[in-house]
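The file run-v9.tsv comes next; it holds TSV, C-alpha atoms.
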chain	number	residue	atom	x	y	z
A	1	MET	CA	6.48	30.94	4.72
A	2	THR	CA	7.91	29.41	1.57
A	3	LYS	CA	6.62	30.16	-1.89
A	4	CYS	CA	5.85	26.82	-3.52
A	5	ASN	CA	3.45	27.58	-6.35
A	6	ASN	CA	4.78	24.63	-8.32
A	7	THR	CA	5.53	22.23	-5.47
A	8	VAL	CA	3.70	18.99	-4.66
A	9	TYR	CA	4.21	17.52	-1.18
A	10	ILE	CA	4.56	13.76	-0.68
A	11	TRP	CA	4.36	12.34	2.86
A	12	GLY	CA	5.29	8.72	3.48
A	13	ALA	CA	7.96	6.11	4.10
A	14	ASP	CA	11.12	6.25	1.99
A	15	ASP	CA	10.32	3.38	-0.34
A	16	TYR	CA	9.28	2.47	-3.90
A	17	ASN	CA	5.82	4.01	-3.38
A	18	THR	CA	7.20	7.49	-2.75
A	19	LEU	CA	9.90	7.01	-5.37
A	20	GLY	CA	7.26	6.15	-7.95
A	21	LEU	CA	5.16	9.15	-6.95
A	22	CYS	CA	8.15	11.46	-7.36
A	23	ARG	CA	8.62	10.19	-10.89
A	24	GLN	CA	4.94	10.52	-11.77
A	25	ILE	CA	4.59	14.03	-10.35
A	26	GLY	CA	7.98	15.09	-11.70
A	27	ALA	CA	6.88	13.98	-15.17
A	28	GLY	CA	4.34	16.79	-15.00
A	29	GLY	CA	7.04	19.40	-14.38
A	30	TYR	CA	6.35	19.93	-10.67
A	31	ASP	CA	8.90	20.24	-7.90
A	32	VAL	CA	8.54	17.60	-5.17
A	33	CYS	CA	9.01	18.12	-1.44
A	34	PHE	CA	9.25	14.68	0.15
A	35	VAL	CA	8.45	14.49	3.88
A	36	ALA	CA	9.97	11.15	4.91
A	37	TRP	CA	8.81	9.05	7.85
A	38	GLY	CA	10.78	5.82	8.20
A	39	GLY	CA	11.32	3.31	5.42
A	40	LEU	CA	14.23	0.96	4.72
A	41	TYR	CA	14.98	1.64	1.07
A	42	LYS	CA	16.22	5.26	1.45
A	43	CYS	CA	16.06	5.69	-2.32
A	44	THR	CA	13.56	8.52	-2.94
A	45	GLY	CA	16.02	11.30	-2.21
A	46	LYS	CA	18.31	9.86	-4.91
A	47	SER	CA	15.71	10.58	-7.57
A	48	ARG	CA	16.32	13.52	-9.87
A	49	TYR	CA	12.65	14.38	-9.39
A	50	CYS	CA	12.96	14.81	-5.61
A	51	THR	CA	13.58	18.54	-5.19
A	52	ARG	CA	13.69	18.53	-1.39
A	53	GLN	CA	13.70	15.81	1.25
A	54	VAL	CA	12.79	16.41	4.90
A	55	ILE	CA	13.36	13.53	7.35
A	56	THR	CA	11.02	13.39	10.35
A	57	GLU	CA	10.90	11.20	13.45
A	58	GLY	CA	7.14	10.73	13.65
A	59	LEU	CA	3.69	11.93	12.66
A	60	GLU	CA	3.76	14.98	14.91
A	61	ASP	CA	7.12	16.04	13.45
A	62	GLY	CA	5.75	15.72	9.93
A	63	TYR	CA	2.63	17.65	10.92
A	64	LYS	CA	4.72	20.40	12.49
A	65	PHE	CA	6.90	20.75	9.39
A	66	LEU	CA	3.93	20.92	7.04
A	67	MET	CA	2.11	23.47	9.20
A	68	GLU	CA	5.15	25.69	9.78
A	69	ASN	CA	6.45	25.53	6.20
A	70	HIS	CA	3.21	25.72	4.30
A	71	PRO	CA	3.13	27.39	0.87
A	72	ASP	CA	1.60	30.79	0.19
A	73	VAL	CA	-0.65	29.22	-2.42
A	74	LYS	CA	-2.58	26.04	-1.58
A	75	ALA	CA	-0.56	23.00	-2.69
A	76	VAL	CA	-1.29	19.31	-3.21
A	77	LEU	CA	-0.30	16.85	-0.46
A	78	ILE	CA	-0.26	13.13	-1.33
A	79	ASN	CA	0.26	10.40	1.29
A	80	THR	CA	1.37	6.79	0.84
A	81	ASN	CA	0.68	5.23	4.23
A	82	ASP	CA	-2.51	4.06	5.97
A	83	VAL	CA	-1.54	5.56	9.32
A	84	ILE	CA	-0.62	8.90	7.73
A	85	ALA	CA	-3.87	8.85	5.75
A	86	GLY	CA	-5.85	8.41	8.98
A	87	PHE	CA	-3.84	11.14	10.70
A	88	ILE	CA	-4.50	13.63	7.88
A	89	ASP	CA	-8.18	12.71	7.83
A	90	SER	CA	-8.50	13.30	11.58
A	91	ARG	CA	-6.92	16.77	11.24
A	92	ARG	CA	-8.43	17.61	7.90
A	93	VAL	CA	-9.47	21.11	9.01
A	94	ASP	CA	-5.85	22.02	9.76
A	95	PHE	CA	-4.44	20.56	6.55
A	96	GLU	CA	-7.08	22.03	4.26
A	97	GLN	CA	-6.01	25.55	5.19
A	98	PHE	CA	-2.84	25.06	3.15
A	99	TYR	CA	-3.11	21.80	1.20
A	100	HIS	CA	-5.39	19.86	-1.09
A	101	VAL	CA	-5.68	16.40	0.49
A	102	SER	CA	-7.45	13.14	-0.24
A	103	GLY	CA	-9.99	11.76	2.20
A	104	THR	CA	-13.66	11.80	3.08
A	105	ASP	CA	-16.19	14.52	3.85
A	106	CYS	CA	-16.30	13.48	7.51
A	107	PRO	CA	-13.18	13.51	9.73
A	108	GLY	CA	-12.54	10.04	11.13
A	109	ARG	CA	-14.45	8.15	8.45
A	110	LEU	CA	-11.29	7.16	6.61
A	111	GLU	CA	-9.88	5.46	9.68
A	112	GLU	CA	-13.26	3.87	10.36
A	113	TYR	CA	-13.30	2.17	6.95
A	114	SER	CA	-9.62	1.26	7.09
A	115	ASP	CA	-10.78	-1.38	9.57
A	116	LYS	CA	-10.79	-4.56	7.49
A	117	PHE	CA	-13.87	-6.07	9.15
A	118	ARG	CA	-15.99	-2.95	8.67
A	119	MET	CA	-14.63	-2.65	5.14
A	120	SER	CA	-15.57	-6.26	4.31
A	121	SER	CA	-19.03	-5.85	5.81
A	122	LEU	CA	-19.68	-2.79	3.65
A	123	ALA	CA	-18.37	-4.55	0.54
A	124	ALA	CA	-20.66	-7.52	1.19
A	125	ARG	CA	-23.65	-5.19	1.55
A	126	LEU	CA	-22.79	-3.61	-1.80
A	127	GLY	CA	-22.74	-6.98	-3.55
A	128	PHE	CA	-19.03	-7.87	-3.57
A	129	ARG	CA	-18.14	-11.53	-3.18
A	130	ILE	CA	-16.15	-11.87	0.04
A	131	PRO	CA	-14.64	-14.80	1.92
A	132	GLU	CA	-16.43	-15.76	5.13
A	133	THR	CA	-15.13	-13.21	7.63
A	134	ARG	CA	-15.42	-12.64	11.37
A	135	HIS	CA	-13.87	-10.19	13.84
A	136	ILE	CA	-11.92	-11.59	16.78
A	137	THR	CA	-9.73	-10.36	19.64
A	138	PRO	CA	-7.19	-12.28	21.74
A	139	ARG	CA	-9.80	-12.55	24.51
A	140	ASP	CA	-12.48	-14.22	22.36
A	141	ASP	CA	-13.41	-17.88	22.12
A	142	PHE	CA	-11.87	-19.25	18.94
A	143	PRO	CA	-13.69	-21.51	16.46
A	144	ASP	CA	-13.17	-25.27	16.64
A	145	ARG	CA	-13.86	-25.91	12.96
A	146	GLY	CA	-13.61	-24.34	9.51
A	147	TYR	CA	-9.79	-24.36	9.34
A	148	PRO	CA	-7.58	-23.36	7.66
A	149	TYR	CA	-8.26	-19.65	8.19
A	150	ILE	CA	-6.20	-16.62	7.28
A	151	LEU	CA	-5.64	-14.12	10.08
A	152	LYS	CA	-5.08	-10.38	9.43
A	153	PRO	CA	-4.77	-7.35	11.71
A	154	SER	CA	-8.07	-5.50	11.46
A	155	GLY	CA	-6.30	-2.18	10.99
A	156	LYS	CA	-3.10	-0.27	11.63
A	157	VAL	CA	-2.87	1.53	14.96
A	158	GLN	CA	-0.90	4.74	15.31
A	159	GLY	CA	2.16	4.16	17.46
A	160	HIS	CA	2.20	0.37	17.05
A	161	ILE	CA	3.85	-1.97	14.59
A	162	SER	CA	1.58	-4.63	13.08
A	163	PRO	CA	2.75	-8.11	14.19
A	164	PHE	CA	2.24	-9.49	10.67
A	165	LYS	CA	0.41	-8.83	7.42
A	166	THR	CA	-1.29	-12.21	7.19
A	167	ARG	CA	-0.83	-15.59	8.86
A	168	ILE	CA	-2.40	-18.93	8.00
A	169	CYS	CA	-3.90	-20.88	10.91
A	170	ARG	CA	-4.37	-24.54	10.05
A	171	ASN	CA	-6.05	-25.42	13.34
A	172	ARG	CA	-7.24	-23.89	16.61
A	173	ARG	CA	-3.93	-24.64	18.31
A	174	GLU	CA	-2.02	-22.49	15.77
A	175	LEU	CA	-4.52	-19.63	16.22
A	176	GLU	CA	-4.25	-19.77	20.01
A	177	ARG	CA	-0.45	-19.76	19.79
A	178	LEU	CA	-0.45	-16.68	17.55
A	179	MET	CA	-2.80	-14.83	19.85
A	180	LYS	CA	-0.41	-15.27	22.78
A	181	PHE	CA	2.09	-12.98	21.04
A	182	VAL	CA	-0.17	-10.04	20.10
A	183	ARG	CA	-1.40	-7.08	22.12
A	184	LYS	CA	-4.51	-7.89	24.13
A	185	ASP	CA	-6.22	-4.71	22.91
A	186	SER	CA	-5.72	-5.52	19.22
A	187	GLY	CA	-8.37	-6.69	16.78
A	188	PHE	CA	-8.17	-9.12	13.86
A	189	VAL	CA	-10.22	-10.53	11.05
A	190	LEU	CA	-10.38	-14.30	10.72
A	191	GLN	CA	-11.18	-15.13	7.13
A	192	GLU	CA	-11.94	-18.20	5.07
A	193	LEU	CA	-8.79	-19.24	3.24
A	194	ILE	CA	-9.65	-19.36	-0.44
A	195	PRO	CA	-7.39	-21.28	-2.85
A	196	GLN	CA	-6.36	-18.13	-4.71
A	197	GLU	CA	-4.53	-18.44	-8.00
A	198	SER	CA	-3.46	-14.80	-8.01
A	199	VAL	CA	-4.19	-11.41	-6.45
A	200	ALA	CA	-5.74	-8.77	-8.70
A	201	LEU	CA	-5.21	-5.11	-7.82
A	202	VAL	CA	-7.27	-2.38	-9.47
A	203	TYR	CA	-5.74	1.11	-9.23
A	204	GLY	CA	-8.02	4.11	-9.36
A	205	CYS	CA	-8.85	7.68	-8.40
A	206	ARG	CA	-12.05	9.55	-7.60
A	207	LEU	CA	-11.82	13.20	-8.61
A	208	MET	CA	-13.58	16.04	-6.81
A	209	ASP	CA	-16.18	16.25	-9.59
A	210	ASP	CA	-17.20	12.63	-8.78
A	211	THR	CA	-15.45	11.13	-11.82
A	212	VAL	CA	-14.01	7.70	-10.97
A	213	LEU	CA	-10.98	6.69	-13.04
A	214	LEU	CA	-9.68	3.09	-13.16
A	215	ALA	CA	-6.22	2.75	-14.69
A	216	GLY	CA	-6.39	-1.04	-15.10
A	217	VAL	CA	-5.55	-4.17	-13.16
A	218	LEU	CA	-2.30	-5.76	-11.97
A	219	ASN	CA	-2.64	-9.53	-11.68
A	220	LYS	CA	0.03	-10.61	-9.16
A	221	VAL	CA	1.07	-14.25	-9.33
A	222	ARG	CA	4.25	-14.13	-7.21
A	223	PHE	CA	5.33	-12.32	-4.04
A	224	ASN	CA	8.68	-11.50	-2.43
A	225	ASP	CA	9.60	-12.21	1.19
A	226	ARG	CA	8.16	-8.86	2.26
A	227	GLY	CA	4.77	-9.99	0.98
A	228	ASP	CA	4.67	-7.52	-1.92
A	229	GLY	CA	3.66	-8.60	-5.42
A	230	SER	CA	6.84	-9.29	-7.37
A	231	TYR	CA	5.68	-10.74	-10.70
A	232	GLY	CA	2.52	-10.32	-12.72
A	233	VAL	CA	0.73	-8.79	-15.68
A	234	VAL	CA	-0.81	-5.34	-16.03
A	235	SER	CA	-3.85	-5.03	-18.27
A	236	SER	CA	-6.25	-2.27	-19.27
A	237	ASP	CA	-9.22	-4.66	-19.14
A	238	LEU	CA	-10.71	-5.81	-15.85
A	239	PRO	CA	-11.65	-9.48	-15.70
A	240	GLU	CA	-15.38	-10.19	-15.95
A	241	SER	CA	-15.42	-11.19	-12.28
A	242	ILE	CA	-14.46	-7.64	-11.20
A	243	SER	CA	-17.14	-4.98	-11.58
A	244	ALA	CA	-16.03	-1.42	-12.24
A	245	GLY	CA	-19.50	-0.27	-11.19
A	246	ALA	CA	-19.15	-1.99	-7.80
A	247	ILE	CA	-15.83	-0.23	-7.19
A	248	GLU	CA	-17.42	3.12	-8.03
A	249	SER	CA	-20.28	2.37	-5.62
A	250	LEU	CA	-17.81	1.51	-2.86
A	251	VAL	CA	-15.77	4.74	-3.03
A	252	ARG	CA	-18.97	6.77	-3.32
A	253	GLU	CA	-20.54	5.01	-0.33
A	254	ILE	CA	-17.51	5.92	1.78
A	255	ASN	CA	-17.51	9.30	-0.03
A	256	TYR	CA	-13.77	9.11	-0.51
A	257	PHE	CA	-11.95	11.40	-2.94
A	258	GLY	CA	-8.40	10.65	-4.07
A	259	LEU	CA	-6.13	7.82	-5.16
A	260	PHE	CA	-7.03	4.28	-4.10
A	261	SER	CA	-6.64	0.59	-4.92
A	262	VAL	CA	-8.87	-2.46	-4.52
A	263	GLU	CA	-7.53	-6.00	-4.08
A	264	TYR	CA	-9.17	-9.33	-4.91
A	265	GLY	CA	-8.26	-12.97	-4.62
A	266	ILE	CA	-8.84	-14.72	-7.94
A	267	VAL	CA	-10.17	-18.29	-7.97
A	268	GLY	CA	-11.11	-19.46	-11.45
A	269	ASP	CA	-13.82	-17.15	-12.72
A	270	LYS	CA	-14.53	-15.71	-9.26
A	271	ALA	CA	-13.05	-12.61	-7.59
A	272	TYR	CA	-13.16	-12.37	-3.79
A	273	PHE	CA	-12.88	-8.87	-2.32
A	274	TYR	CA	-9.93	-8.50	0.06
A	275	GLU	CA	-9.61	-4.79	0.80
A	276	ILE	CA	-9.65	-1.23	-0.45
A	277	ASN	CA	-6.61	0.97	0.26
A	278	LEU	CA	-7.69	4.59	0.68
A	279	ARG	CA	-4.39	6.22	-0.30
A	280	ASN	CA	-1.88	5.96	-3.13
A	281	ASP	CA	-0.90	2.38	-3.82
A	282	GLY	CA	2.70	1.16	-4.00
A	283	THR	CA	2.03	-0.18	-7.50
A	284	SER	CA	1.04	3.20	-8.97
A	285	HIS	CA	4.35	3.62	-10.80
A	286	ILE	CA	3.86	0.23	-12.46
A	287	PHE	CA	0.63	1.53	-13.99
A	288	PHE	CA	2.55	4.71	-14.89
A	289	GLN	CA	5.14	2.71	-16.82
A	290	ALA	CA	2.23	1.04	-18.62
A	291	GLY	CA	0.83	4.40	-19.74
A	292	ALA	CA	-1.42	5.77	-16.97
A	293	ASN	CA	-0.59	8.65	-14.61
A	294	LEU	CA	-3.43	9.01	-12.09
A	295	PRO	CA	-1.37	10.94	-9.48
A	296	LEU	CA	-0.65	13.66	-12.07
A	297	ILE	CA	-4.31	13.81	-13.09
A	298	TRP	CA	-5.32	14.06	-9.42
A	299	THR	CA	-2.78	16.83	-8.85
A	300	LYS	CA	-3.72	18.90	-11.89
A	301	SER	CA	-7.45	18.51	-11.26
A	302	LEU	CA	-7.04	19.85	-7.71
A	303	LEU	CA	-5.07	22.82	-8.98
A	304	GLY	CA	-7.64	23.57	-11.68
A	305	GLU	CA	-5.20	22.80	-14.48
A	306	ASP	CA	-5.90	21.04	-17.76
A	307	CYS	CA	-5.29	17.28	-17.53
A	308	SER	CA	-7.06	16.23	-20.72
A	309	GLY	CA	-3.79	15.17	-22.38
A	310	ILE	CA	-2.81	12.75	-19.59
A	311	SER	CA	-3.80	9.11	-20.00
A	312	SER	CA	-5.86	7.56	-17.20
A	313	LYS	CA	-5.72	4.02	-18.67
A	314	VAL	CA	-2.83	1.66	-19.21
A	315	VAL	CA	-2.07	0.68	-22.79
A	316	GLY	CA	-2.68	-2.97	-23.66
A	317	GLU	CA	-0.95	-5.64	-21.56
A	318	ALA	CA	2.58	-5.76	-20.11
A	319	VAL	CA	4.66	-7.94	-17.78
A	320	PHE	CA	5.85	-6.61	-14.40
A	321	ILE	CA	8.72	-7.95	-12.29
A	322	ASP	CA	10.42	-6.83	-9.10
A	323	GLU	CA	13.84	-6.90	-10.72
A	324	LEU	CA	15.75	-6.98	-7.42
A	325	PHE	CA	13.69	-9.11	-5.02
A	326	ASP	CA	11.58	-11.54	-7.06
A	327	SER	CA	14.57	-13.88	-7.44
A	328	VAL	CA	13.80	-15.29	-3.96
A	329	ASN	CA	11.13	-17.34	-5.73
A	330	ILE	CA	13.66	-19.35	-7.76
A	331	GLY	CA	13.33	-22.94	-6.63
A	332	ARG	CA	9.82	-22.41	-5.28
A	333	ASN	CA	6.78	-23.97	-6.96
A	334	GLY	CA	8.88	-25.28	-9.83
A	335	LEU	CA	10.36	-21.92	-10.87
A	336	THR	CA	13.77	-22.62	-12.41
A	337	ARG	CA	16.53	-20.07	-12.78
A	338	ARG	CA	16.29	-20.38	-16.58
A	339	LEU	CA	12.54	-19.70	-16.56
A	340	TRP	CA	12.98	-16.78	-14.15
A	341	LYS	CA	15.61	-15.19	-16.40
A	342	ALA	CA	13.33	-15.58	-19.40
A	343	GLN	CA	10.47	-13.94	-17.51
A	344	LYS	CA	12.71	-11.08	-16.42
A	345	GLU	CA	13.83	-10.49	-20.00
A	346	SER	CA	10.20	-10.35	-21.16
A	347	ALA	CA	9.24	-7.78	-18.50
A	348	THR	CA	8.91	-4.10	-19.39
A	349	LEU	CA	7.59	-2.82	-16.05
A	350	PHE	CA	9.89	-2.62	-13.02
A	351	LYS	CA	9.82	-1.74	-9.34
A	352	PHE	CA	12.93	0.45	-9.14
A	353	TYR	CA	14.54	0.65	-12.57
A	354	ASP	CA	14.05	3.74	-14.72
A	355	LYS	CA	16.59	4.49	-17.43
A	356	ASP	CA	15.92	8.22	-17.07
A	357	ASP	CA	16.25	8.17	-13.27
A	358	ILE	CA	18.83	5.47	-12.62
A	359	GLU	CA	20.41	6.47	-9.27
A	360	PRO	CA	17.63	5.10	-6.99
A	361	TYR	CA	17.85	1.70	-8.70
A	362	LYS	CA	21.64	1.60	-8.42
A	363	PHE	CA	21.45	2.55	-4.75
A	364	VAL	CA	18.90	-0.13	-3.84
A	365	LYS	CA	20.74	-2.74	-5.92
A	366	LYS	CA	23.92	-2.17	-3.91
A	367	ARG	CA	21.96	-2.84	-0.70
A	368	SER	CA	19.68	-5.56	-2.08
A	369	TRP	CA	21.44	-8.41	-0.27
A	370	TYR	CA	21.09	-6.60	3.06
A	371	LEU	CA	17.47	-5.60	2.42
A	372	GLY	CA	16.60	-9.11	1.26
A	373	MET	CA	18.10	-10.53	4.44
A	374	LEU	CA	15.97	-8.17	6.55
A	375	ASP	CA	12.89	-9.27	4.60
A	376	ARG	CA	13.67	-12.94	5.27
A	377	ILE	CA	14.20	-12.29	8.97
A	378	ALA	CA	11.01	-10.23	9.21
A	379	SER	CA	8.92	-12.80	7.34
A	380	ARG	CA	10.02	-15.52	9.77
A	381	TYR	CA	10.38	-13.67	13.08
A	382	ARG	CA	8.32	-10.46	12.85
A	383	LEU	CA	5.66	-11.69	15.27
A	384	TYR	CA	8.25	-12.27	18.01
A	385	ILE	CA	10.24	-9.11	17.22
A	386	VAL	CA	7.10	-6.97	17.55
A	387	TYR	CA	6.12	-8.83	20.75
A	388	PHE	CA	9.43	-7.94	22.42
A	389	LEU	CA	9.37	-4.36	21.10
A	390	ASP	CA	5.92	-3.93	22.67
A	391	LYS	CA	7.25	-5.33	25.94
A	392	LEU	CA	10.11	-2.81	25.80
A	393	GLY	CA	7.68	0.03	25.04
A	394	VAL	CA	9.10	0.73	21.57
A	395	SER	CA	6.16	2.22	19.66
A	396	SER	CA	7.57	3.92	16.59
A	397	LEU	CA	7.13	2.32	13.18
Give the structure from this file in structure tokens form.
Amino acid sequence: MTKCNNTVYIWGADDYNTLGLCRQIGAGGYDVCFVAWGGLYKCTGKSRYCTRQVITEGLEDGYKFLMENHPDVKAVLINTNDVIAGFIDSRRVDFEQFYHVSGTDCPGRLEEYSDKFRMSSLAARLGFRIPETRHITPRDDFPDRGYPYILKPSGKVQGHISPFKTRICRNRRELERLMKFVRKDSGFVLQELIPQESVALVYGCRLMDDTVLLAGVLNKVRFNDRGDGSYGVVSSDLPESISAGAIESLVREINYFGLFSVEYGIVGDKAYFYEINLRNDGTSHIFFQAGANLPLIWTKSLLGEDCSGISSKVVGEAVFIDELFDSVNIGRNGLTRRLWKAQKESATLFKFYDKDDIEPYKFVKKRSWYLGMLDRIASRYRLYIVYFLDKLGVSSL
């Protein structure tokens, strides 16, 4: 066994989410052991805050490492991936012998509510405004009217790659065509397509003493080719259309403890609930740059340490930009290169850049053309790539 009294374990893909977590946890003076499972960016190990990196081939490999190399004193384990979150929740008894983990009080409940249809149904019951939503499978009869719809996988399945994040179906013919290329045992939500003006993400944490902390809101108005928010504004104040009380009711109804985020589509003065992510969000480091460090508060609270001096709220309002991959939007929707440069210069919150931890940014920047090309290919052909991988029996993420 390894003595790791001051070590926090992070388990996830090697991307900006885990990089940001390393920086947030490292800011508190902890060592970080990063258990990596996949990921294209390969930048987390470059961080000066990443004390140790262990590369694994799959969930079972990660589980084996964590069980065989557990600390003498119970440590904090933070995950950044829906599939990993479900895996930990299903084996909570094993993990809780050696680690403090996020999750629910009932093994399996986390995965149950990661299903987007069940999640939306619960949100509607609790008073959230949601788009009209139905659950469908490739074997169902499809609607003849109501188009356009947005189609989303109902949940992530261990051992399978999702064929897409979202797809717009403008008519029944497009929906039928999509369904020919997905696994017959997969489930989807078919949702009313609202004319969203932006996507608002609220980042939060529920502590073990039932305190719910909300760091603020990121209003995303642009997205890169991967589908991630790439330009927006972070604010400490939630819009009137988003109820902090409703968010608290939702996490308490699920009885989830840990880091989370809630996403909404914004249409005028209305906010439509999209989903709740029951794990650390990939935008957490953006809130950190704006003054809030919920992962450090979560960590210290679990270890019984004083976290009263750590801010749980962002300070004021600040502009965020994905400094390496938002440029794909130049020429789209009237965005000129001059305007984009002006917006970049006004931004103070970034996806990779950190003047005190510069190597990860430099590494990703060198590979940005290659990574951007992969994003473009995936955004256009992912459905067909996943279809052929399934046919070949390739199941790893």
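In terms of minimum interatomic distance to Gly12 in chain A, A:Thr56 ranks closest within A:Asn171, A:Ser327, A:Thr56, A:Ser47, counting all atoms listed in the file.
Remark: for Pro131 in chain A, the closest of the candidate residues A:Phe288, A:Tyr264, A:Tyr272, A:Phe388 is A:Tyr272 (distances computed over all atoms listed in the file).
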Hey, what's within 10 Å of Val93 in chain A if we count only C-alpha atoms and toss same-chain stuff fewer than 5 positions away? As a ChimeraX atom specification, please? /A:88,98,107
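Between CA of Ala244 in chain A and CA of Leu201 in chain A the separation is 12.3 Å.
Using only C-alpha atoms, the nearest neighbour of Glu263 in chain A within the list A:Ile358, A:His285, A:Ser154, A:Arg129 is A:Arg129.
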Protein and nucleic acid residues near (-14.2, -22.1, 8.1) (cut-off 12 Å, only C-alpha atoms) as a PDB file with C-alpha atoms, in the frame of the given file:
ATOM      1  CA  PRO A 131     -14.640 -14.800   1.920  1.00  0.00           C
ATOM      2  CA  GLU A 132     -16.430 -15.760   5.130  1.00  0.00           C
ATOM      3  CA  THR A 133     -15.130 -13.210   7.630  1.00  0.00           C
ATOM      4  CA  ARG A 134     -15.420 -12.640  11.370  1.00  0.00           C
ATOM      5  CA  PHE A 142     -11.870 -19.250  18.940  1.00  0.00           C
ATOM      6  CA  PRO A 143     -13.690 -21.510  16.460  1.00  0.00           C
ATOM      7  CA  ASP A 144     -13.170 -25.270  16.640  1.00  0.00           C
ATOM      8  CA  ARG A 145     -13.860 -25.910  12.960  1.00  0.00           C
ATOM      9  CA  GLY A 146     -13.610 -24.340   9.510  1.00  0.00           C
ATOM     10  CA  TYR A 147      -9.790 -24.360   9.340  1.00  0.00           C
ATOM     11  CA  PRO A 148      -7.580 -23.360   7.660  1.00  0.00           C
ATOM     12  CA  TYR A 149      -8.260 -19.650   8.190  1.00  0.00           C
ATOM     13  CA  ILE A 150      -6.200 -16.620   7.280  1.00  0.00           C
ATOM     14  CA  LEU A 151      -5.640 -14.120  10.080  1.00  0.00           C
ATOM     15  CA  CYS A 169      -3.900 -20.880  10.910  1.00  0.00           C
ATOM     16  CA  ARG A 170      -4.370 -24.540  10.050  1.00  0.00           C
ATOM     17  CA  ASN A 171      -6.050 -25.420  13.340  1.00  0.00           C
ATOM     18  CA  ARG A 172      -7.240 -23.890  16.610  1.00  0.00           C
ATOM     19  CA  LEU A 190     -10.380 -14.300  10.720  1.00  0.00           C
ATOM     20  CA  GLN A 191     -11.180 -15.130   7.130  1.00  0.00           C
ATOM     21  CA  GLU A 192     -11.940 -18.200   5.070  1.00  0.00           C
ATOM     22  CA  LEU A 193      -8.790 -19.240   3.240  1.00  0.00           C
ATOM     23  CA  ILE A 194      -9.650 -19.360  -0.440  1.00  0.00           C
TER      24      ILE A 194
END
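Shortest separation to Asp14 in chain A among A:Val364, A:Val199, A:Leu339, A:Ile310 occurs at residue A:Val364, atoms counted being all atoms listed in the file.
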For range 6-9 of chain A, work out the shell of residues within 10 Å, counting only C-alpha atoms and skipping chain neighbours fewer than 6 positions away, then give it as a PyMOL selection string. chain A and resi 22+25-26+29-35+51-53+66+70-71+73-79+99-100+299
